[in-house]
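All remarks here apply to the structure that follows.
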Amino acid sequence: MSVNTLPHDHGNESNFKNLQDKLNDIDNFSIVANVFNQLGCTTRLRIFWLLCHCEECVVNIAAMMDMSSPAVAHHLKPLRDNGLIVSRREGKEVYYRAADTPESNLLHTMIEQVMEISCPE
């Protein structure tokens, strides 16, 4: 949708073109939505938070989370697909940790800050 003027003039049209260009870049919003979508699952959020603090294999993550290994693997896939975690293989074992990316770092910071604000001590 291309709009050259706004229906209502509120005196702030100087930044309109820049805002419209940003709004029209749907791919960027899709990336952000996919990252934030990970916040919608408590289990995935807990796994991500854990991997921000250590590198672990699926079996150990499953033990810490009191879950089965297949259930943990199910949650690791979207985290990896969205670039929030990375893996490395050592022999037959695969280890996971949070990715060192701006998105992953921001998400980790947000989780910790929200927990600090909202969690009773």
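Within each chain, counting starts at residue 1; across the structure tokens, chains are named A, B, ... in the order shown, with ligands numbered 1 upward in that order.
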Strand (DSSP E) residues, from DSSP on the backbone, in chain A, as a ChimeraX atom specification: /A:56-57,85-90,93-98
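Taking only C-alpha atoms, the non-local environment of Cys54 (chain A) within 10 Å (same-chain residues fewer than 5 positions away omitted) comprises A:Trp49, A:Tyr95, A:Tyr96, A:Arg97, A:Ala98.
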Store the residues picked out above, limited to all heavy atoms, as a JSON list (two decimals), in the first residue's frame.
```
[["chain", "number", "residue", "atom", "x", "y", "z"],
["A", 49, "TRP", "N", 17.08, -19.75, 28.09],
["A", 49, "TRP", "CA", 17.74, -19.09, 29.21],
["A", 49, "TRP", "C", 18.86, -19.96, 29.77],
["A", 49, "TRP", "O", 19.96, -19.48, 30.03],
["A", 49, "TRP", "CB", 16.71, -18.77, 30.30],
["A", 49, "TRP", "CG", 17.30, -18.08, 31.47],
["A", 49, "TRP", "CD1", 17.54, -16.74, 31.62],
["A", 49, "TRP", "CD2", 17.79, -18.69, 32.67],
["A", 49, "TRP", "NE1", 18.12, -16.49, 32.83],
["A", 49, "TRP", "CE2", 18.29, -17.67, 33.51],
["A", 49, "TRP", "CE3", 17.84, -20.01, 33.12],
["A", 49, "TRP", "CZ2", 18.84, -17.93, 34.75],
["A", 49, "TRP", "CZ3", 18.39, -20.27, 34.36],
["A", 49, "TRP", "CH2", 18.88, -19.23, 35.16],
["A", 95, "TYR", "N", 26.32, -30.53, 21.34],
["A", 95, "TYR", "CA", 26.21, -29.56, 22.43],
["A", 95, "TYR", "C", 25.54, -28.29, 21.91],
["A", 95, "TYR", "O", 25.84, -27.85, 20.79],
["A", 95, "TYR", "CB", 27.60, -29.23, 22.99],
["A", 95, "TYR", "CG", 28.23, -30.41, 23.68],
["A", 95, "TYR", "CD1", 29.03, -31.31, 22.99],
["A", 95, "TYR", "CD2", 28.03, -30.62, 25.05],
["A", 95, "TYR", "CE1", 29.61, -32.39, 23.62],
["A", 95, "TYR", "CE2", 28.60, -31.70, 25.69],
["A", 95, "TYR", "CZ", 29.38, -32.58, 24.96],
["A", 95, "TYR", "OH", 29.94, -33.66, 25.61],
["A", 96, "TYR", "N", 24.70, -27.71, 22.73],
["A", 96, "TYR", "CA", 23.97, -26.50, 22.36],
["A", 96, "TYR", "C", 24.32, -25.37, 23.31],
["A", 96, "TYR", "O", 24.58, -25.59, 24.49],
["A", 96, "TYR", "CB", 22.45, -26.76, 22.44],
["A", 96, "TYR", "CG", 22.00, -27.78, 21.44],
["A", 96, "TYR", "CD1", 22.00, -29.14, 21.74],
["A", 96, "TYR", "CD2", 21.57, -27.39, 20.17],
["A", 96, "TYR", "CE1", 21.59, -30.08, 20.82],
["A", 96, "TYR", "CE2", 21.16, -28.33, 19.24],
["A", 96, "TYR", "CZ", 21.17, -29.68, 19.58],
["A", 96, "TYR", "OH", 20.77, -30.60, 18.65],
["A", 97, "ARG", "N", 24.30, -24.15, 22.76],
["A", 97, "ARG", "CA", 24.49, -22.95, 23.57],
["A", 97, "ARG", "C", 23.80, -21.80, 22.85],
["A", 97, "ARG", "O", 23.46, -21.91, 21.67],
["A", 97, "ARG", "CB", 25.97, -22.63, 23.78],
["A", 97, "ARG", "CG", 26.72, -22.31, 22.52],
["A", 97, "ARG", "CD", 28.19, -21.95, 22.78],
["A", 97, "ARG", "NE", 28.92, -21.86, 21.54],
["A", 97, "ARG", "CZ", 28.88, -20.85, 20.69],
["A", 97, "ARG", "NH1", 28.12, -19.81, 20.93],
["A", 97, "ARG", "NH2", 29.61, -20.86, 19.59],
["A", 98, "ALA", "N", 23.59, -20.71, 23.57],
["A", 98, "ALA", "CA", 22.98, -19.53, 22.96],
["A", 98, "ALA", "C", 23.93, -18.98, 21.90],
["A", 98, "ALA", "O", 25.15, -18.98, 22.07],
["A", 98, "ALA", "CB", 22.69, -18.48, 24.02]]
```
CA of Thr42 (chain A) to CA of Lys77 (chain A), distance in Å rounded to a single decimal: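 It comes out at 15.2 Å.
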Residue nearest Gly83 (chain A) among A:Met110, A:Ile31, A:Ile47, A:Cys41 (counting only C-alpha atoms): A:Ile31
DSSP helix (DSSP H, G or I) selection over chain A, as a ChimeraX atom specification: /A:13-24,26-40,42-53,58-65,69-81,102-118
